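S.K.: Got a structure for you, upload_38.txt, holding compact mmCIF, C-alpha atoms.
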# COMPACT_ATOMS: atom_id res chain seq x y z
CA MET A 112 103.49 83.10 79.67
CA MET A 113 103.24 86.21 81.82
CA ILE A 114 102.87 85.50 85.51
CA ARG A 115 100.49 87.79 87.34
CA GLN A 116 102.16 89.94 89.98
CA SER A 117 99.91 90.92 92.87
CA PHE A 118 99.79 94.69 93.32
CA ILE A 119 97.95 94.42 96.64
CA GLU A 120 100.82 92.49 98.21
CA MET A 121 103.32 95.22 97.32
CA ASN A 122 104.27 97.88 99.84
CA ALA A 123 103.76 101.55 99.01
CA ARG A 124 107.28 102.03 97.61
CA GLU A 125 107.05 98.99 95.36
CA ARG A 126 103.62 100.13 94.14
CA ALA A 127 104.93 103.59 93.23
CA ALA A 128 107.82 102.16 91.22
CA ALA A 129 105.61 99.52 89.56
CA LEU A 130 103.20 102.02 88.01
CA LEU A 131 105.78 104.46 86.62
CA ASP A 132 107.83 103.73 83.50
CA PRO A 133 110.56 101.18 84.33
CA ALA A 134 113.48 102.58 86.36
CA SER A 135 112.06 106.14 86.25
CA PHE A 136 110.99 106.33 89.93
CA ARG A 137 113.04 108.79 91.99
CA GLU A 138 111.90 109.22 95.58
CA LEU A 139 111.43 112.65 97.17
CA LEU A 140 111.49 113.18 100.95
CA GLY A 141 112.40 109.53 101.44
CA PRO A 142 112.82 107.77 104.79
CA PHE A 143 116.41 109.00 105.29
CA GLU A 144 115.14 112.60 105.33
CA ARG A 145 113.29 111.52 108.48
CA ILE A 146 110.36 113.89 107.94
CA LYS A 147 108.09 112.00 110.31
CA SER A 148 105.19 112.63 112.64
CA PRO A 149 106.13 114.69 115.71
CA TRP A 150 102.78 113.80 117.30
CA LEU A 151 102.75 109.99 117.36
CA PRO A 152 105.72 109.47 119.75
CA LEU A 153 104.13 111.95 122.20
CA GLN A 154 101.21 109.51 122.33
CA GLY A 155 103.44 106.46 122.73
CA ILE A 156 103.15 105.34 119.10
CA VAL A 157 106.17 104.42 116.97
CA ALA A 158 106.52 106.74 113.96
CA GLN A 159 107.63 105.71 110.49
CA ALA A 160 110.51 107.54 108.81
CA ASP A 161 108.42 108.57 105.78
CA ASP A 162 105.16 108.99 107.75
CA GLY A 163 103.48 106.42 105.52
CA VAL A 164 103.53 108.34 102.25
CA VAL A 165 106.01 107.51 99.50
CA LEU A 166 106.43 110.45 97.18
CA GLY A 167 108.36 110.33 93.93
CA ARG A 168 108.93 111.72 90.49
CA GLY A 169 109.03 109.64 87.35
CA LEU A 170 107.51 109.10 83.95
CA ILE A 171 104.20 107.75 82.63
CA ASP A 172 104.53 106.82 78.96
CA GLY A 173 107.51 109.18 78.83
CA ARG A 174 105.55 112.11 80.30
CA SER A 175 106.62 113.82 83.50
CA ALA A 176 104.66 112.54 86.50
CA PHE A 177 104.62 112.41 90.28
CA VAL A 178 103.27 109.60 92.40
CA ALA A 179 102.02 109.67 96.00
CA SER A 180 101.61 106.17 97.38
CA ILE A 181 100.02 105.64 100.79
CA GLU A 182 101.30 102.75 102.95
CA GLY A 183 98.20 101.01 104.27
CA ALA A 184 100.18 98.87 106.75
CA PHE A 185 101.36 101.93 108.73
CA GLN A 186 98.57 103.27 110.97
CA GLY A 187 95.93 102.15 108.46
CA GLY A 188 97.30 104.55 105.84
CA SER A 189 95.92 107.40 107.93
CA MET A 190 96.59 111.02 107.00
CA GLY A 191 98.53 112.97 109.59
CA GLU A 192 100.08 116.41 109.41
CA VAL A 193 103.22 115.24 107.62
CA SER A 194 101.83 112.52 105.35
CA GLY A 195 98.96 114.80 104.31
CA ALA A 196 101.29 117.74 103.72
CA LYS A 197 103.51 115.62 101.47
CA ILE A 198 100.57 114.89 99.14
CA ALA A 199 99.11 118.42 99.34
CA ALA A 200 102.48 120.06 98.61
CA ALA A 201 103.14 117.75 95.65
CA LEU A 202 99.74 118.65 94.15
CA GLU A 203 100.43 122.35 94.74
CA LEU A 204 103.87 122.18 93.07
CA ALA A 205 102.41 120.20 90.17
CA ARG A 206 99.76 122.89 89.65
CA ARG A 207 102.42 125.61 89.62
CA ASP A 208 104.46 123.69 87.05
CA CYS A 209 101.32 123.13 84.95
CA GLU A 210 100.60 126.86 85.04
CA ARG A 211 104.11 127.52 83.73
CA GLY A 212 103.58 125.19 80.83
CA ARG A 213 105.39 122.19 82.32
CA PRO A 214 102.60 119.65 82.84
CA ILE A 215 103.13 117.02 85.52
CA LEU A 216 100.74 114.08 85.79
CA PRO A 217 99.61 113.36 89.38
CA LEU A 218 99.11 109.70 90.30
CA LEU A 219 97.57 109.02 93.72
CA LEU A 220 97.59 105.54 95.24
CA PHE A 221 94.97 105.48 97.99
CA GLU A 222 95.18 102.92 100.78
CA THR A 223 93.79 104.82 103.70
CA GLY A 224 91.26 104.84 106.49
CA GLY A 225 91.14 108.64 106.25
CA VAL A 226 92.28 111.10 108.88
CA ARG A 227 94.76 109.98 111.56
CA LEU A 228 92.75 110.39 114.74
CA GLN A 229 95.88 111.06 116.83
CA GLU A 230 96.55 114.16 114.71
CA ALA A 231 92.90 115.14 114.34
CA ASN A 232 92.56 118.70 113.06
CA LEU A 233 96.01 118.81 111.46
CA GLY A 234 95.18 115.72 109.44
CA LEU A 235 91.76 117.08 108.48
CA ALA A 236 93.31 120.37 107.38
CA ALA A 237 95.81 118.47 105.22
CA ILE A 238 92.98 116.44 103.65
CA ALA A 239 91.12 119.66 102.81
CA GLU A 240 94.31 120.94 101.14
CA ILE A 241 94.54 117.70 99.17
CA HIS A 242 90.94 118.20 97.96
CA ALA A 243 91.68 121.78 96.89
CA GLY A 244 94.94 120.64 95.27
CA ILE A 245 93.23 117.97 93.17
CA ILE A 246 90.48 120.37 92.03
CA ALA A 247 93.07 123.00 91.01
CA VAL A 248 95.45 120.70 89.13
CA ARG A 249 92.81 118.62 87.34
CA GLU A 250 92.06 121.70 85.19
CA PHE A 251 95.45 121.16 83.52
CA VAL A 252 96.12 117.42 83.64
CA PRO A 253 94.12 114.32 84.46
CA VAL A 254 94.54 113.30 88.12
CA VAL A 255 94.55 109.50 88.25
CA GLY A 256 93.69 107.65 91.45
CA VAL A 257 94.02 103.96 92.28
CA VAL A 258 92.30 102.07 95.12
CA ALA A 259 93.68 98.54 95.14
CA GLY A 260 92.97 97.20 98.65
CA VAL A 261 93.05 95.66 101.10
CA VAL A 262 92.64 98.70 103.35
CA GLY A 263 90.50 100.56 100.81
CA CYS A 264 89.77 104.26 100.90
CA PHE A 265 87.60 105.91 103.53
CA GLY A 266 86.69 109.17 105.23
CA GLY A 267 87.96 112.43 103.83
CA MET A 268 90.28 110.55 101.51
CA SER A 269 87.29 108.87 99.83
CA LEU A 270 86.31 112.39 98.81
CA ALA A 271 89.83 112.91 97.45
CA ALA A 272 89.44 109.70 95.42
CA ALA A 273 86.07 110.92 94.16
CA LEU A 274 87.63 114.21 93.03
CA CYS A 275 90.17 112.45 90.80
CA THR A 276 89.64 112.78 87.05
CA ARG A 277 89.70 109.00 86.77
CA LEU A 278 89.60 106.36 89.46
CA ILE A 279 90.83 102.79 89.02
CA VAL A 280 89.73 100.05 91.44
CA THR A 281 90.17 96.32 91.93
CA ARG A 282 87.52 93.88 93.20
CA GLN A 283 89.37 93.83 96.54
CA ALA A 284 89.09 97.61 96.92
CA ARG A 285 86.52 99.31 99.15
CA LEU A 286 85.50 102.94 98.75
CA ALA A 287 83.19 104.65 101.23
CA MET A 288 82.81 107.68 103.46
CA ASN A 289 82.39 105.61 106.65
CA GLY A 290 84.08 102.27 107.18
CA PRO A 291 81.91 99.31 108.20
CA GLU A 292 83.19 99.31 111.80
CA VAL A 293 82.32 102.98 112.19
CA ILE A 294 78.80 102.42 110.84
CA GLU A 295 78.21 99.46 113.15
CA GLN A 296 79.54 101.40 116.13
CA GLU A 297 77.43 104.49 115.43
CA ALA A 298 74.20 102.96 114.09
CA GLY A 299 74.17 99.50 115.58
CA ILE A 300 74.60 96.00 114.22
CA GLY A 301 71.04 96.12 112.83
CA GLU A 302 72.21 98.79 110.39
CA LEU A 303 75.36 96.98 109.31
CA ASP A 304 77.23 93.91 110.53
CA ALA A 305 80.88 94.85 110.08
CA ALA A 306 81.84 91.16 110.17
CA ASP A 307 79.68 90.36 107.10
CA ARG A 308 82.39 90.63 104.47
CA ALA A 309 80.20 89.57 101.54
CA LEU A 310 77.65 92.28 102.34
CA ILE A 311 80.32 94.95 102.83
CA TRP A 312 81.89 94.27 99.44
CA LYS A 313 78.43 94.27 97.82
CA LEU A 314 77.83 97.72 99.28
CA MET A 315 81.21 99.43 98.91
CA GLY A 316 83.46 97.00 97.03
CA GLY A 317 85.31 97.91 93.85
CA GLU A 318 82.95 96.03 91.56
CA GLN A 319 79.88 97.80 92.97
CA ARG A 320 81.57 101.21 92.86
CA TYR A 321 82.50 100.61 89.23
CA ALA A 322 79.01 99.36 88.31
CA THR A 323 77.40 102.43 89.90
CA GLY A 324 79.71 104.89 88.17
CA PHE A 325 81.94 105.96 91.08
CA ALA A 326 85.01 104.36 89.51
CA ASP A 327 86.06 104.42 85.86
CA ASP A 328 87.93 101.18 85.54
CA LEU A 329 87.79 97.79 87.25
CA VAL A 330 91.00 95.80 86.96
CA ASP A 331 92.49 92.58 88.29
CA ASP A 332 94.99 92.62 91.15
CA ASP A 333 97.88 92.61 88.70
CA ALA A 334 100.62 95.27 88.63
CA ALA A 335 100.88 95.20 84.81
CA ALA A 336 97.09 95.48 84.38
CA ILE A 337 96.93 98.45 86.77
CA ALA A 338 99.89 100.13 85.01
CA THR A 339 98.06 99.74 81.69
CA ALA A 340 94.85 101.15 83.20
CA VAL A 341 96.81 104.18 84.49
CA ARG A 342 98.13 104.86 80.97
CA TRP A 343 94.64 104.52 79.52
CA ALA A 344 93.31 106.96 82.14
CA VAL A 345 96.08 109.47 81.35
CA ALA A 346 95.42 109.18 77.62
CA MET A 347 91.75 110.10 78.18
CA GLY A 348 92.93 113.59 79.24
CA VAL A 349 91.19 116.16 81.40
CA GLU A 350 87.44 115.97 82.06
CA ALA A 351 85.30 118.99 81.22
CA GLU A 352 82.52 117.84 83.55
CA PRO A 353 84.03 115.82 86.42
CA ARG A 354 81.74 113.78 88.67
CA SER A 355 81.95 116.35 91.45
CA ARG A 356 80.40 118.99 89.18
CA GLN A 357 77.47 116.82 88.08
CA ILE A 358 75.49 118.07 91.05
CA SER A 359 71.98 118.14 89.58
CA GLN A 360 72.31 114.59 88.26
CA TYR A 361 73.41 113.22 91.64
CA MET A 362 70.79 115.26 93.53
CA ALA A 363 68.09 113.84 91.26
CA ARG A 364 69.40 110.31 91.82
CA LEU A 365 69.33 110.74 95.60
CA ALA A 366 65.86 112.33 95.50
CA ALA A 367 64.51 109.26 93.69
CA ILE A 368 65.56 106.97 96.54
CA ASP A 369 63.19 106.13 99.39
CA ALA A 370 65.39 106.08 102.50
CA GLN A 371 62.81 103.94 104.32
CA HIS A 372 63.13 101.26 101.65
CA PRO A 373 66.67 101.58 100.30
CA PRO A 374 67.47 99.68 97.11
CA THR A 375 69.55 96.51 97.27
CA PRO A 376 73.09 96.74 95.88
CA VAL A 377 71.89 95.01 92.68
CA ALA A 378 68.92 97.36 92.28
CA LEU A 379 71.22 100.34 92.82
CA ARG A 380 73.35 99.19 89.90
CA ARG A 381 70.28 99.32 87.63
CA LEU A 382 69.27 102.73 88.99
CA TRP A 383 72.69 104.38 88.84
CA GLN A 384 74.30 102.63 85.94
CA THR A 385 76.16 105.28 84.00
CA ASP A 386 74.44 106.01 80.72
CA PRO A 387 76.36 104.86 77.69
CA VAL A 388 77.74 107.75 75.68
CA ALA A 389 75.45 108.40 72.74
CA MET B 24 106.85 102.61 123.57
CA GLU B 25 110.49 102.17 124.49
CA VAL B 26 113.73 103.59 123.03
CA LEU B 27 116.89 101.47 123.28
CA ARG B 28 120.45 102.23 122.18
CA TYR B 29 123.29 99.81 121.48
CA LYS B 30 126.89 100.15 120.33
CA TYR B 31 129.10 97.46 118.78
CA PRO B 32 132.72 97.40 117.65
CA ALA B 33 132.74 96.65 113.92
CA LYS B 34 135.08 96.39 110.95
CA ARG B 35 133.18 95.93 107.71
CA HIS B 36 132.74 99.05 105.59
CA VAL B 37 129.20 100.09 104.58
CA THR B 38 128.97 101.47 101.05
CA HIS B 39 125.30 102.29 100.54
CA ARG B 40 122.35 103.09 102.73
CA ALA B 41 119.33 100.81 102.64
CA HIS B 42 115.74 100.96 103.84
CA VAL B 43 113.52 97.90 104.31
CA GLY B 44 110.23 97.08 106.02
CA VAL B 45 107.17 98.91 107.28
CA VAL B 46 106.07 100.00 110.77
CA GLY B 47 103.05 97.71 110.50
CA SER B 48 101.67 94.99 112.77
CA GLY B 49 104.33 92.33 113.41
CA ASP B 50 106.83 94.13 111.20
CA LEU B 51 109.50 96.82 111.52
CA GLU B 52 111.40 99.26 109.38
CA VAL B 53 115.19 99.34 109.25
CA LEU B 54 117.23 102.34 108.14
CA PHE B 55 120.76 101.15 107.49
CA GLU B 56 123.55 103.63 106.66
CA PRO B 57 127.28 104.16 107.17
CA SER B 58 128.25 105.06 110.74
CA THR B 59 129.82 108.46 111.36
CA ASP B 60 132.51 107.01 113.67
CA GLN B 61 134.40 103.71 114.12
CA ASP B 62 131.57 101.84 115.86
CA ALA B 63 128.22 100.45 114.85
CA HIS B 64 125.24 102.16 116.47
CA VAL B 65 121.70 100.87 116.81
CA LEU B 66 118.71 102.96 117.83
CA VAL B 67 115.60 100.89 118.50
CA THR B 68 112.15 102.42 118.96
CA THR B 69 109.69 99.66 119.79
CA SER B 70 105.99 99.59 120.54
CA VAL B 71 106.49 96.73 123.03
CA ASP B 72 108.09 97.53 126.39
CA GLY B 73 110.32 95.26 128.46
CA PHE B 74 112.23 93.29 125.81
CA ALA B 75 115.64 94.99 126.06
CA THR B 76 117.42 91.69 126.76
CA ILE B 77 115.90 89.99 123.73
CA TRP B 78 116.82 92.95 121.52
CA LYS B 79 120.40 92.69 122.77
CA ASN B 80 120.46 88.94 122.04
CA VAL B 81 119.24 89.45 118.46
CA LEU B 82 121.70 92.29 117.84
CA ASP B 83 124.61 90.32 119.41
CA ARG B 84 123.84 87.51 116.99
CA PHE B 85 123.56 89.89 114.01
CA PHE B 86 126.85 91.67 114.70
CA GLY B 87 128.50 88.32 115.44
CA ARG B 88 127.87 87.48 111.81
CA TYR B 89 127.88 90.87 110.07
CA ASP B 90 130.19 93.37 111.77
CA TYR B 91 129.20 96.34 109.62
CA VAL B 92 130.25 99.83 110.73
CA ALA B 93 126.65 100.86 110.35
CA SER B 94 124.27 103.30 111.90
CA ILE B 95 121.00 101.39 112.20
CA GLU B 96 117.64 102.84 113.11
CA ILE B 97 114.87 100.37 113.86
CA ASN B 98 111.22 101.37 114.16
CA ASP B 99 109.43 98.30 115.46
CA PHE B 100 105.74 97.45 115.66
CA GLY B 101 105.80 94.16 117.54
CA ALA B 102 107.97 92.05 115.24
CA THR B 103 109.20 88.67 116.48
CA PRO B 104 112.98 88.18 116.95
CA GLY B 105 113.00 86.04 113.79
CA THR B 106 111.44 88.82 111.72
CA VAL B 107 113.86 91.36 113.20
CA MET B 108 116.82 89.18 112.19
CA LEU B 109 115.42 88.71 108.66
CA ARG B 110 114.91 92.44 108.19
CA LEU B 111 118.42 93.22 109.50
CA GLU B 112 119.94 90.70 107.08
CA GLN B 113 117.81 92.07 104.25
CA ALA B 114 118.98 95.62 105.00
CA ALA B 115 122.64 94.52 105.22
CA GLU B 116 122.34 92.73 101.90
CA ALA B 117 120.61 95.70 100.23
CA SER B 118 123.37 98.02 101.50
CA GLN B 119 125.94 95.97 99.57
CA ALA B 120 123.94 95.91 96.34
Just dump the structure as structure tokens.
M.R.:
Amino acid sequence: MMIRQSFIEMNARERAAALLDPASFRELLGPFERIKSPWLPLQGIVAQADDGVVLGRGLIDGRSAFVASIEGAFQGGSMGEVSGAKIAAALELARRDCERGRPILPLLLFETGGVRLQEANLGLAAIAEIHAGIIAVREFVPVVGVVAGVVGCFGGMSLAAALCTRLIVTRQARLAMNGPEVIEQEAGIGELDAADRALIWKLMGGEQRYATGFADDLVDDDAAAIATAVRWAVAMGVEAEPRSRQISQYMARLAAIDAQHPPTPVALRRLWQTDPVA
Amino acid sequence: MEVLRYKYPAKRHVTHRAHVGVVGSGDLEVLFEPSTDQDAHVLVTTSVDGFATIWKNVLDRFFGRYDYVASIEINDFGATPGTVMLRLEQAAEASQA
């Protein structure tokens, strides 16, 4: 009998290796290169030698791939100048290789609160480059994203996840523009109680995001199951009409909602359920 | 944040470099590689100030048992001495793999 291996409990490096073909992971700009944040120590914060992003080359079903895996335990997986640049540069190089007829499959493992506040504009600029990078490379190859949890994926990086050709989530994942604490802080506890875990997962949890069409696959917290889902997502190929281009459909959906009487999470599933392909 | 440096006489040869751990709450990362001279060197960057004596105690104990001629960089985010010792042993073991 196969024993389930928790993906969520793995660190970023283990996750990267687990999703590529066995023994094919080769790290780039690893910790011994010491390409770390120059800004955190100036603010009295201990930096990590890889700045929280594990980058590597490898294979997916024998096809050339790169993986960028964000370490959620370091500064909440936040995107700083260096960590953001690692992902943006990898996407840029992948696009160039694709243009030269050497396709490279990008695999992005999101575990991030979004921009690193200590690096503010530099982090935001890097996130914008990541967005542009995904949009450019997804013309050639499917960009596959995974949000496993427990940090989830928030802020500008939730937009990056949304731009992926296919997004895989677990039930433990959360995907949202603003995190619950931010919403409570800005709009008050009447708007959202950040301590109400059941409510938060109903609103932005993986199951809800899958049921409302913001994620393409819902899988168990199992490394083998996620690896299989990644291969399925790659096999589906590029998307002619990615979610981010379906503007009129999403505008119509939003227009049909009465902001004074917002639908419950269950009602939203009925409203936004993705139509089965005819 | 505090930066501490230590030096130990050592004999055992280090063959490979090894990296373990994460700079996350209650944890630390250890970069373990061959030293460039005859001594072992430890560079500690820790988020918690004022524990230099405890760091020295943990490192004395580690090098008492494993006298590797290693250059060790530790990036600590409030790990307990027990966790520090475990990570150091894990790194030493991985460097021999």
S.K.: Determine, using only C-alpha atoms, which residues of chain A have any atom at most 12 Å from an atom of chain B, and tabulate each with its shortest atom pair and distance in Å to one decimal place, rows ordered by chain and then rising number, as JSON lines.
M.R.:
{"residue": "A:Met121", "atom": "CA", "partner": "B:Gly44", "partner_atom": "CA", "distance": 11.3}
{"residue": "A:Asn122", "atom": "CA", "partner": "B:Val45", "partner_atom": "CA", "distance": 8.1}
{"residue": "A:Ala123", "atom": "CA", "partner": "B:Val45", "partner_atom": "CA", "distance": 9.3}
{"residue": "A:Arg124", "atom": "CA", "partner": "B:Val43", "partner_atom": "CA", "distance": 10.0}
{"residue": "A:Glu125", "atom": "CA", "partner": "B:Val43", "partner_atom": "CA", "distance": 11.1}
{"residue": "A:Gly141", "atom": "CA", "partner": "B:His42", "partner_atom": "CA", "distance": 9.5}
{"residue": "A:Pro142", "atom": "CA", "partner": "B:His42", "partner_atom": "CA", "distance": 7.5}
{"residue": "A:Phe143", "atom": "CA", "partner": "B:Leu54", "partner_atom": "CA", "distance": 7.3}
{"residue": "A:Glu144", "atom": "CA", "partner": "B:Leu54", "partner_atom": "CA", "distance": 10.8}
{"residue": "A:Arg145", "atom": "CA", "partner": "B:Leu54", "partner_atom": "CA", "distance": 10.0}
{"residue": "A:Lys147", "atom": "CA", "partner": "B:Asn98", "partner_atom": "CA", "distance": 11.7}
{"residue": "A:Leu151", "atom": "CA", "partner": "B:Met24", "partner_atom": "CA", "distance": 10.5}
{"residue": "A:Pro152", "atom": "CA", "partner": "B:Met24", "partner_atom": "CA", "distance": 7.9}
{"residue": "A:Leu153", "atom": "CA", "partner": "B:Met24", "partner_atom": "CA", "distance": 9.8}
{"residue": "A:Gln154", "atom": "CA", "partner": "B:Met24", "partner_atom": "CA", "distance": 9.0}
{"residue": "A:Gly155", "atom": "CA", "partner": "B:Met24", "partner_atom": "CA", "distance": 5.2}
{"residue": "A:Ile156", "atom": "CA", "partner": "B:Met24", "partner_atom": "CA", "distance": 6.4}
{"residue": "A:Val157", "atom": "CA", "partner": "B:Ser70", "partner_atom": "CA", "distance": 6.0}
{"residue": "A:Ala158", "atom": "CA", "partner": "B:Asn98", "partner_atom": "CA", "distance": 7.1}
{"residue": "A:Gln159", "atom": "CA", "partner": "B:Val46", "partner_atom": "CA", "distance": 5.9}
{"residue": "A:Ala160", "atom": "CA", "partner": "B:Asn98", "partner_atom": "CA", "distance": 8.2}
{"residue": "A:Asp161", "atom": "CA", "partner": "B:Val45", "partner_atom": "CA", "distance": 9.9}
{"residue": "A:Asp162", "atom": "CA", "partner": "B:Val46", "partner_atom": "CA", "distance": 9.5}
{"residue": "A:Gly163", "atom": "CA", "partner": "B:Val45", "partner_atom": "CA", "distance": 8.6}
{"residue": "A:Val164", "atom": "CA", "partner": "B:Val45", "partner_atom": "CA", "distance": 11.3}
{"residue": "A:Val165", "atom": "CA", "partner": "B:Val45", "partner_atom": "CA", "distance": 11.7}
{"residue": "A:Ile181", "atom": "CA", "partner": "B:Val45", "partner_atom": "CA", "distance": 11.8}
{"residue": "A:Glu182", "atom": "CA", "partner": "B:Val45", "partner_atom": "CA", "distance": 8.2}
{"residue": "A:Gly183", "atom": "CA", "partner": "B:Gly47", "partner_atom": "CA", "distance": 8.6}
{"residue": "A:Ala184", "atom": "CA", "partner": "B:Gly47", "partner_atom": "CA", "distance": 4.9}
{"residue": "A:Phe185", "atom": "CA", "partner": "B:Gly47", "partner_atom": "CA", "distance": 4.9}
{"residue": "A:Gln186", "atom": "CA", "partner": "B:Gly47", "partner_atom": "CA", "distance": 7.2}
{"residue": "A:Gly187", "atom": "CA", "partner": "B:Gly47", "partner_atom": "CA", "distance": 8.6}
{"residue": "A:Gly188", "atom": "CA", "partner": "B:Gly47", "partner_atom": "CA", "distance": 10.1}
S.K.: Which value, in Å to one decimal, gives the distance between atom CA of Arg285 of chain A and atom CA of Thr375 of chain A?
M.R.: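 Taking atom CA of Arg285 of chain A as the start and atom CA of Thr375 of chain A as the end point, the length is 17.3 Å.
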S.K.: Have a look at A:Gly212, A:Pro149, A:Gly224, A:Pro373 and name the one nearest to Leu270 of chain A; count all atoms listed in the file.
M.R.: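 Residue with the minimum atom-to-atom distance to Leu270 of chain A: A:Gly224.
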S.K.: Record the distance separating atom CA of Ala196 of chain A and atom CA of Gly244 of chain A, expressed in Å with one decimal.
M.R.: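 About the pair atom CA of Ala196 of chain A and atom CA of Gly244 of chain A: they are 11.0 Å apart.
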S.K.: Excluding Ala335 of chain A and any residue of its chain fewer than 5 positions from it, enumerate the residues within 9 Å of it, using all atoms listed in the file, and give them as an MDAnalysis selection string.
M.R.: chainID A and resid 115:116 118 129:130 340
S.K.: Would you mind exporting the chosen residues as a compact mmCIF listing (two decimals), in the frame of the given file, restricted to C-alpha atoms?
M.R.:
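Just written: again.txt:
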# COMPACT_ATOMS: atom_id res chain seq x y z
CA ARG A 115 100.49 87.79 87.34
CA GLN A 116 102.16 89.94 89.98
CA PHE A 118 99.79 94.69 93.32
CA ALA A 129 105.61 99.52 89.56
CA LEU A 130 103.20 102.02 88.01
CA ALA A 340 94.85 101.15 83.20
S.K.: What is the atom CA of Pro57 of chain B-atom CA of Phe85 of chain B distance in Å, reported with one decimal?
M.R.: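 These two atoms are separated by 16.3 Å.
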S.K.: Within 12 Å of (128.3, 99.4, 107.1) in the file's own coordinates, which protein, DNA or RNA residues have an atom, counting only C-alpha atoms? List them as an MDAnalysis selection string.
M.R.: chainID B and resid 31:41 54:65 86 89:95 111 114:119
S.K.: If you take every atom of segment 44-52 of chain B that the file lists and fit an axis-aligned box around them with 3 Å extra on each side, what centre and edge lengths come out in Å to one decimal, as JSON?
M.R.:
{"center_x": 106.5, "center_y": 96.2, "center_z": 109.7, "size_x": 15.7, "size_y": 13.7, "size_z": 13.4}
S.K.: Do you know which residues are at most 10 Å from segment 306-322 of chain A counting only C-alpha atoms, after dropping those on the same chain fewer than 2 positions away, and could you put them as a PDB file with C-alpha atoms, in the frame of the given file?
M.R.:
ATOM      1  CA  VAL A 258      92.300 102.070  95.120  1.00  0.00           C
ATOM      2  CA  ALA A 259      93.680  98.540  95.140  1.00  0.00           C
ATOM      3  CA  GLY A 260      92.970  97.200  98.650  1.00  0.00           C
ATOM      4  CA  GLY A 263      90.500 100.560 100.810  1.00  0.00           C
ATOM      5  CA  LEU A 278      89.600 106.360  89.460  1.00  0.00           C
ATOM      6  CA  ILE A 279      90.830 102.790  89.020  1.00  0.00           C
ATOM      7  CA  VAL A 280      89.730 100.050  91.440  1.00  0.00           C
ATOM      8  CA  THR A 281      90.170  96.320  91.930  1.00  0.00           C
ATOM      9  CA  ARG A 282      87.520  93.880  93.200  1.00  0.00           C
ATOM     10  CA  GLN A 283      89.370  93.830  96.540  1.00  0.00           C
ATOM     11  CA  ALA A 284      89.090  97.610  96.920  1.00  0.00           C
ATOM     12  CA  ARG A 285      86.520  99.310  99.150  1.00  0.00           C
ATOM     13  CA  LEU A 286      85.500 102.940  98.750  1.00  0.00           C
ATOM     14  CA  ALA A 287      83.190 104.650 101.230  1.00  0.00           C
ATOM     15  CA  MET A 288      82.810 107.680 103.460  1.00  0.00           C
ATOM     16  CA  ASN A 289      82.390 105.610 106.650  1.00  0.00           C
ATOM     17  CA  GLY A 290      84.080 102.270 107.180  1.00  0.00           C
ATOM     18  CA  PRO A 291      81.910  99.310 108.200  1.00  0.00           C
ATOM     19  CA  GLU A 292      83.190  99.310 111.800  1.00  0.00           C
ATOM     20  CA  GLU A 295      78.210  99.460 113.150  1.00  0.00           C
ATOM     21  CA  ILE A 300      74.600  96.000 114.220  1.00  0.00           C
ATOM     22  CA  LEU A 303      75.360  96.980 109.310  1.00  0.00           C
ATOM     23  CA  ASP A 304      77.230  93.910 110.530  1.00  0.00           C
ATOM     24  CA  GLY A 324      79.710 104.890  88.170  1.00  0.00           C
ATOM     25  CA  PHE A 325      81.940 105.960  91.080  1.00  0.00           C
ATOM     26  CA  ALA A 326      85.010 104.360  89.510  1.00  0.00           C
ATOM     27  CA  ASP A 327      86.060 104.420  85.860  1.00  0.00           C
ATOM     28  CA  ASP A 328      87.930 101.180  85.540  1.00  0.00           C
ATOM     29  CA  LEU A 329      87.790  97.790  87.250  1.00  0.00           C
ATOM     30  CA  VAL A 330      91.000  95.800  86.960  1.00  0.00           C
ATOM     31  CA  THR A 375      69.550  96.510  97.270  1.00  0.00           C
ATOM     32  CA  PRO A 376      73.090  96.740  95.880  1.00  0.00           C
ATOM     33  CA  VAL A 377      71.890  95.010  92.680  1.00  0.00           C
ATOM     34  CA  LEU A 379      71.220 100.340  92.820  1.00  0.00           C
ATOM     35  CA  ARG A 380      73.350  99.190  89.900  1.00  0.00           C
ATOM     36  CA  ARG A 381      70.280  99.320  87.630  1.00  0.00           C
ATOM     37  CA  TRP A 383      72.690 104.380  88.840  1.00  0.00           C
ATOM     38  CA  GLN A 384      74.300 102.630  85.940  1.00  0.00           C
ATOM     39  CA  THR A 385      76.160 105.280  84.000  1.00  0.00           C
TER      40      THR A 385
END
S.K.: Of the residues B:Ala75, B:Val67, B:Leu27, B:Leu82, which is the one nearest to Met108 of chain B, using only C-alpha atoms?
M.R.: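 Residue with the minimum atom-to-atom distance to Met108 of chain B: B:Leu82.
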S.K.: Near segment 78-81 of chain B, counting only C-alpha atoms, which residues have an atom at most 8 Å away, once you skip same-chain residues fewer than 5 positions from it, shown as a list in words?
M.R.: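 Once the adjacent positions are removed, what remains is Tyr29, Pro104, Val107 and Met108 of chain B.
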S.K.: Let me make sure I understand: among A:Leu140, A:Val293, A:Leu274, A:Leu365, which one has the smallest atom-to-atom distance to Ala179 of chain A if we use only C-alpha atoms?
M.R.: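 Among the listed residues, A:Leu140 lies closest to Ala179 of chain A.
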